[in-house]
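structure.pdb follows (PDB, C-alpha atoms):
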ATOM      1  CA  MET A   9      18.445   5.326  25.535
ATOM      2  CA  LYS A  10      17.454   8.895  24.693
ATOM      3  CA  CYS A  11      13.843   9.608  23.722
ATOM      4  CA  ALA A  12      13.418  11.673  20.584
ATOM      5  CA  LYS A  13      10.116  13.316  21.500
ATOM      6  CA  ALA A  14       9.935  16.285  23.859
ATOM      7  CA  SER A  15       6.201  16.134  24.579
ATOM      8  CA  VAL A  16       6.378  15.452  28.310
ATOM      9  CA  CYS A  17       3.463  15.396  30.698
ATOM     10  CA  PRO A  18       4.519  16.112  34.306
ATOM     11  CA  ALA A  19       2.045  13.516  35.555
ATOM     12  CA  VAL A  20       4.028  10.708  34.009
ATOM     13  CA  GLN A  21       7.268  11.665  35.740
ATOM     14  CA  GLY A  22       9.650  12.280  32.893
ATOM     15  CA  GLY A  23       8.046  10.146  30.213
ATOM     16  CA  GLU A  24       5.676  10.704  27.395
ATOM     17  CA  LEU A  25       1.869  10.350  27.473
ATOM     18  CA  LEU A  26       0.421   8.543  24.453
ATOM     19  CA  LEU A  27      -3.295   8.649  23.610
ATOM     20  CA  VAL A  28      -4.948   5.702  21.857
ATOM     21  CA  ASP A  29      -8.104   6.992  20.171
ATOM     22  CA  PRO A  30      -9.577   4.411  17.747
ATOM     23  CA  ASP A  31     -12.749   6.452  17.163
ATOM     24  CA  GLY A  32     -11.132   9.870  16.701
ATOM     25  CA  VAL A  33     -13.132  11.546  19.483
ATOM     26  CA  VAL A  34     -10.242  13.401  21.152
ATOM     27  CA  GLY A  35      -9.971  16.991  20.001
ATOM     28  CA  GLY A  36      -6.734  18.944  19.901
ATOM     29  CA  ALA A  37      -4.455  15.897  19.717
ATOM     30  CA  SER A  38      -1.406  16.032  17.492
ATOM     31  CA  PRO A  39      -0.207  12.982  15.525
ATOM     32  CA  GLU A  40       2.854  12.874  17.804
ATOM     33  CA  GLU A  41       0.736  12.337  20.921
ATOM     34  CA  CYS A  42      -2.162  10.273  19.567
ATOM     35  CA  VAL A  43      -2.525   7.007  17.639
ATOM     36  CA  SER A  44      -5.621   5.230  16.401
ATOM     37  CA  GLY A  45      -4.678   1.560  16.410
ATOM     38  CA  THR A  46      -3.128  -1.267  18.374
ATOM     39  CA  MET A  47      -0.109  -1.707  16.086
ATOM     40  CA  GLN A  48       0.670   2.018  16.118
ATOM     41  CA  CYS A  49       0.485   1.970  19.908
ATOM     42  CA  LEU A  50       2.800  -1.028  20.220
ATOM     43  CA  GLU A  51       5.290   0.559  17.801
ATOM     44  CA  ARG A  52       5.285   3.865  19.718
ATOM     45  CA  THR A  53       5.798   2.148  23.096
ATOM     46  CA  ALA A  54       8.553  -0.218  21.880
ATOM     47  CA  ASP A  55      11.433   2.172  22.631
ATOM     48  CA  GLY A  56      10.408   2.722  26.275
ATOM     49  CA  CYS A  57       9.984   6.504  25.930
ATOM     50  CA  VAL A  58       6.229   6.381  26.567
ATOM     51  CA  SER A  59       5.560   6.029  30.270
ATOM     52  CA  THR A  60       1.749   6.317  30.279
ATOM     53  CA  VAL A  61      -0.829   5.231  27.727
ATOM     54  CA  ALA A  62      -4.383   6.607  27.889
ATOM     55  CA  VAL A  63      -6.802   4.308  26.034
ATOM     56  CA  VAL A  64     -10.010   6.083  24.983
ATOM     57  CA  ALA A  65     -13.009   3.714  25.065
ATOM     58  CA  ALA A  66     -15.608   5.633  23.067
ATOM     59  CA  SER A  67     -17.132   3.116  20.677
ATOM     60  CA  ASN A  68     -20.360   1.264  21.326
ATOM     61  CA  ALA A  69     -19.364  -1.432  18.834
ATOM     62  CA  GLN A  70     -18.763  -4.562  20.927
ATOM     63  CA  ALA A  71     -15.776  -5.895  18.972
ATOM     64  CA  ARG A  72     -13.975  -2.558  18.922
ATOM     65  CA  ARG A  73     -14.703  -1.647  22.532
ATOM     66  CA  PHE A  74     -13.598  -4.969  23.993
ATOM     67  CA  ALA A  75     -10.379  -5.044  21.953
ATOM     68  CA  LEU A  76      -9.096  -2.144  24.077
ATOM     69  CA  PRO A  77      -8.731  -4.149  27.321
ATOM     70  CA  ASP A  78      -6.734  -6.699  25.289
ATOM     71  CA  LEU A  79      -4.406  -3.877  24.218
ATOM     72  CA  VAL A  80      -4.001  -2.959  27.882
ATOM     73  CA  GLY A  81      -3.011  -6.553  28.639
ATOM     74  CA  LEU A  82      -0.382  -6.472  25.873
ATOM     75  CA  LEU A  83       1.045  -3.194  27.166
ATOM     76  CA  LYS A  84       1.196  -4.413  30.758
ATOM     77  CA  ARG A  85       2.873  -7.697  29.794
ATOM     78  CA  SER A  86       5.449  -5.847  27.682
ATOM     79  CA  GLY A  87       6.689  -3.939  30.729
ATOM     80  CA  ARG A  88       7.543  -0.932  28.547
ATOM     81  CA  VAL A  89       5.046   1.492  30.083
ATOM     82  CA  ARG A  90       4.616   2.529  33.717
ATOM     83  CA  SER A  91       0.854   2.897  33.681
ATOM     84  CA  VAL A  92      -2.215   2.512  31.515
ATOM     85  CA  VAL A  93      -5.312   4.679  31.942
ATOM     86  CA  ALA A  94      -8.712   3.779  30.506
ATOM     87  CA  VAL A  95     -10.685   6.902  29.561
ATOM     88  CA  MET A  96     -14.428   6.186  29.597
ATOM     89  CA  PRO A  97     -17.605   8.298  29.193
ATOM     90  CA  HIS A  98     -19.357   6.378  32.007
ATOM     91  CA  ARG A  99     -18.867   3.365  34.281
ATOM     92  CA  HIS A 100     -19.846   0.448  32.036
ATOM     93  CA  ARG A 101     -19.713  -2.511  34.462
ATOM     94  CA  VAL A 102     -18.630  -5.199  31.978
ATOM     95  CA  LEU A 103     -15.999  -2.981  30.368
ATOM     96  CA  LEU A 104     -14.641  -1.970  33.790
ATOM     97  CA  GLU A 105     -14.334  -5.647  34.731
ATOM     98  CA  SER A 106     -12.468  -6.343  31.495
ATOM     99  CA  PHE A 107     -10.071  -3.407  32.000
ATOM    100  CA  ARG A 108      -9.429  -4.566  35.594
ATOM    101  CA  ARG A 109      -8.699  -8.154  34.500
ATOM    102  CA  ASN A 110      -6.195  -6.893  31.921
ATOM    103  CA  GLY A 111      -4.255  -4.767  34.402
ATOM    104  CA  THR A 112      -5.422  -1.196  33.790
ATOM    105  CA  ASP A 113      -3.908   1.049  36.460
ATOM    106  CA  PHE A 114      -6.494   3.838  36.454
ATOM    107  CA  ILE A 115      -9.963   4.652  35.137
ATOM    108  CA  ALA A 116     -10.736   8.238  34.131
ATOM    109  CA  VAL A 117     -14.470   8.877  33.692
ATOM    110  CA  MET A 118     -14.731  12.014  31.570
ATOM    111  CA  ASN A 119     -17.288  14.074  29.668
ATOM    112  CA  PHE A 120     -16.885  12.974  26.040
ATOM    113  CA  ARG A 121     -18.795  15.984  24.693
ATOM    114  CA  ARG A 122     -15.790  18.138  25.576
ATOM    115  CA  LEU A 123     -12.987  15.568  25.353
ATOM    116  CA  ASP A 124      -9.638  16.925  24.251
ATOM    117  CA  ALA A 125      -5.974  16.017  24.652
ATOM    118  CA  ALA A 126      -5.336  18.792  27.194
ATOM    119  CA  GLY A 127      -8.272  17.607  29.332
ATOM    120  CA  ILE A 128      -6.979  14.048  29.358
ATOM    121  CA  LYS A 129      -3.494  15.224  30.336
ATOM    122  CA  GLU A 130      -5.029  17.286  33.142
ATOM    123  CA  ALA A 131      -7.057  14.282  34.338
ATOM    124  CA  VAL A 132      -3.931  12.104  34.367
ATOM    125  CA  LEU A 133      -2.283  14.671  36.668
ATOM    126  CA  HIS A 134      -4.951  14.078  39.304
ATOM    127  CA  LEU A 135      -5.407  10.306  39.192
ATOM    128  CA  GLY A 136      -5.136   8.514  42.498
ATOM    129  CA  ALA A 137      -6.365   5.577  44.551
ATOM    130  CA  ALA A 138     -10.025   6.560  44.017
ATOM    131  CA  ASP A 139      -9.498   6.040  40.279
ATOM    132  CA  SER A 140      -8.347   2.425  40.525
ATOM    133  CA  PRO A 141     -10.448  -0.072  38.547
ATOM    134  CA  GLU A 142     -11.476  -1.783  41.790
ATOM    135  CA  ARG A 143     -12.740   1.457  43.363
ATOM    136  CA  GLN A 144     -14.547   2.518  40.179
ATOM    137  CA  LEU A 145     -16.144  -0.918  39.846
ATOM    138  CA  ALA A 146     -17.281  -0.792  43.480
ATOM    139  CA  LEU A 147     -19.384   2.275  42.617
ATOM    140  CA  VAL A 148     -21.379   0.330  40.011
ATOM    141  CA  CYS A 149     -24.427  -1.738  40.907
ATOM    142  CA  PRO A 150     -23.642  -5.458  40.581
ATOM    143  CA  PHE A 151     -27.150  -5.969  39.130
ATOM    144  CA  LEU A 152     -26.412  -3.703  36.143
ATOM    145  CA  ASN A 153     -26.585  -5.794  32.967
ATOM    146  CA  TYR A 154     -26.517  -5.078  29.243
ATOM    147  CA  CYS A 155     -28.577  -6.523  26.388
ATOM    148  CA  ALA A 156     -27.333  -6.122  22.821
ATOM    149  CA  VAL A 157     -29.796  -4.568  20.380
ATOM    150  CA  ASP A 158     -27.374  -4.832  17.459
ATOM    151  CA  GLU A 159     -23.594  -4.723  17.025
ATOM    152  CA  ARG A 160     -23.433  -0.991  17.854
ATOM    153  CA  THR A 161     -26.279  -0.576  20.346
ATOM    154  CA  GLU A 162     -27.085  -2.042  23.711
ATOM    155  CA  MET A 163     -29.603  -1.427  26.466
ATOM    156  CA  ALA A 164     -28.737  -1.227  30.148
ATOM    157  CA  VAL A 165     -31.139  -3.331  32.200
ATOM    158  CA  CYS A 166     -31.660  -4.032  35.895
ATOM    159  CA  GLY A 167     -30.791  -7.596  36.902
ATOM    160  CA  ALA A 168     -32.476  -7.061  40.277
ATOM    161  CA  TYR A 169     -35.697  -6.561  38.315
ATOM    162  CA  ARG A 170     -35.098  -9.760  36.281
ATOM    163  CA  ASN A 171     -33.620  -7.704  33.382
ATOM    164  CA  ARG A 172     -37.111  -6.406  32.621
ATOM    165  CA  MET A 173     -36.427  -2.785  33.535
ATOM    166  CA  VAL A 174     -34.592  -0.740  30.897
ATOM    167  CA  LEU A 175     -32.383   1.906  32.488
ATOM    168  CA  GLY A 176     -32.122   5.320  30.897
ATOM    169  CA  PRO A 177     -29.084   7.609  30.997
ATOM    170  CA  GLN A 178     -30.400   9.725  33.898
ATOM    171  CA  ARG A 179     -31.024   6.697  36.119
ATOM    172  CA  LEU A 180     -27.666   5.168  35.191
ATOM    173  CA  GLN A 181     -25.789   8.365  36.052
ATOM    174  CA  ALA A 182     -27.726   9.095  39.254
ATOM    175  CA  TRP A 183     -28.028   5.566  40.690
ATOM    176  CA  CYS A 184     -26.695   2.536  38.841
ATOM    177  CA  GLU A 185     -23.177   3.808  38.099
ATOM    178  CA  MET A 186     -22.754   5.523  41.466
ATOM    179  CA  ALA A 187     -22.472   4.474  45.108
ATOM    180  CA  ALA A 188     -26.108   5.623  45.457
ATOM    181  CA  HIS A 189     -27.130   2.245  43.999
ATOM    182  CA  ALA A 190     -26.862   0.859  47.557
ATOM    183  CA  HIS A 191     -30.043   2.819  48.407
ATOM    184  CA  CYS A 192     -32.015   1.766  45.325
ATOM    185  CA  GLU A 193     -35.242  -0.150  45.997
ATOM    186  CA  GLN A 194     -34.387  -2.787  43.386
ATOM    187  CA  PHE A 195     -30.903  -3.296  44.860
ATOM    188  CA  LEU A 196     -32.275  -3.569  48.406
ATOM    189  CA  HIS A 197     -35.139  -5.906  47.437
ATOM    190  CA  PRO A 198     -34.209  -7.802  44.274
ATOM    191  CA  ARG A 199     -37.006  -9.787  42.646
ATOM    192  CA  ARG A 200     -36.306 -13.487  42.658
ATOM    193  CA  CYS A 201     -37.069 -15.749  39.728
ATOM    194  CA  ALA A 202     -40.590 -17.175  39.930
TER     195      ALA A 202
END
Show me, as structure tokens, the structure contained in the file I just sent.
Amino acid sequence: MKCAKASVCPAVQGGELLLVDPDGVVGGASPEECVSGTMQCLERTADGCVSTVAVVAASNAQARRFALPDLVGLLKRSGRVRSVVAVMPHRHRVLLESFRRNGTDFIAVMNFRRLDAAGIKEAVLHLGAADSPERQLALVCPFLNYCAVDERTEMAVCGAYRNRMVLGPQRLQAWCEMAAHAHCEQFLHPRRCA
């Protein structure tokens, strides 16, 4: 079977890289290399020409965000793609667990303020064992929890502090979503329920 599209990324070894961007946050992506929905993705991967799919998890809306790992599961079960990459702005513990359960091959944590198609392609070129869902999940504190504020907003909270400590972006990036969490006072001495 000959593939009609010539947009080839060297990282995917002779196949095409397809971006799935439901929220339209990827700059510089052409309609040939980027789709916005599950059905479009499944249609584009049906002929076997797409070897890698990069799923961009940008939305904070629970229903939309957690539909993406289900798409990964569909792609992996179809056997029509070699690998699936989840592109995330940070290491969200629950989302990482969901991507891992559904068979995601790699996690690419990227700066979403400057996210573009070329940057994602470049990141795919350099993915390796350190980018596996298991390795990325191991960096995240197991006490990191999330409390929904509304359907689009959630707060990160510290389970070692009985979910009473709200975690801001600086703390999340410096401690909770990094291996440094192993040196955190709350991680080392979690407060037990009274």
Pull out every residue that the PyMOL selection byres ((chain A and resi 171) around 12) matches in the shown coordinates and put them as a list in words. Phe151, Leu152, Asn153, Tyr154, Cys155, Met163, Ala164, Val165, Cys166, Gly167, Ala168, Tyr169, Arg170, Arg172, Met173, Val174, Leu175, Gln194, Pro198, Arg199, Arg200 and Cys201 of chain A
Hits of the PyMOL selection byres ((chain A and resi 97-105) around 6) in this structure, as an MDAnalysis selection string: chainID A and resid 96 106:108 117:120 185
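Pairwise distance (CA of Gly87 in chain A, CA of Val58 in chain A) equals 11.1 Å.
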Let me have the centre and edge lengths of the axis-aligned box enclosing all listed atoms of range 174-178 of chain A with 8 Å padding on every side, in Å to one decimal, as lines of an AutoDock Vina configuration file.
center_x = -31.8
center_y = 4.5
center_z = 32.4
size_x = 21.5
size_y = 26.5
size_z = 19.0
Target residues per the PyMOL selection byres ((chain A and resi 71-83) around 8), formatted as a VMD selection string: chain A and resid 46 50 63 65 to 70 84 to 89 92 103 106 to 107 110 to 112
Quick one: pull the distance between CA of Ala116 in chain A and CA of Met47 in chain A, Å, one decimal. 23.2 Å
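Here CA of Glu51 in chain A and CA of Ala125 in chain A stand 20.3 Å from one another.
Each of A:Val148, A:Ala54, A:Leu180, A:Leu25 was compared to Ala131 in chain A using only C-alpha atoms, and A:Leu25 turns out to be the nearest.
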List every protein, DNA or RNA residue that has at least one atom no more than 10 Å from (-2.9, 10.3, 17.5) in the file's coordinates, counting all atoms listed in the file, and write the result as a PDB file with C-alpha atoms, in the frame of the given file.
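part-v4.pdb, written as the output of this step:
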ATOM      1  CA  LEU A  26       0.421   8.543  24.453  1.00  0.00           C
ATOM      2  CA  LEU A  27      -3.295   8.649  23.610  1.00  0.00           C
ATOM      3  CA  VAL A  28      -4.948   5.702  21.857  1.00  0.00           C
ATOM      4  CA  ASP A  29      -8.104   6.992  20.171  1.00  0.00           C
ATOM      5  CA  PRO A  30      -9.577   4.411  17.747  1.00  0.00           C
ATOM      6  CA  GLY A  32     -11.132   9.870  16.701  1.00  0.00           C
ATOM      7  CA  VAL A  34     -10.242  13.401  21.152  1.00  0.00           C
ATOM      8  CA  GLY A  36      -6.734  18.944  19.901  1.00  0.00           C
ATOM      9  CA  ALA A  37      -4.455  15.897  19.717  1.00  0.00           C
ATOM     10  CA  SER A  38      -1.406  16.032  17.492  1.00  0.00           C
ATOM     11  CA  PRO A  39      -0.207  12.982  15.525  1.00  0.00           C
ATOM     12  CA  GLU A  40       2.854  12.874  17.804  1.00  0.00           C
ATOM     13  CA  GLU A  41       0.736  12.337  20.921  1.00  0.00           C
ATOM     14  CA  CYS A  42      -2.162  10.273  19.567  1.00  0.00           C
ATOM     15  CA  VAL A  43      -2.525   7.007  17.639  1.00  0.00           C
ATOM     16  CA  SER A  44      -5.621   5.230  16.401  1.00  0.00           C
ATOM     17  CA  GLY A  45      -4.678   1.560  16.410  1.00  0.00           C
ATOM     18  CA  GLN A  48       0.670   2.018  16.118  1.00  0.00           C
ATOM     19  CA  CYS A  49       0.485   1.970  19.908  1.00  0.00           C
ATOM     20  CA  ALA A 125      -5.974  16.017  24.652  1.00  0.00           C
TER      21      ALA A 125
END
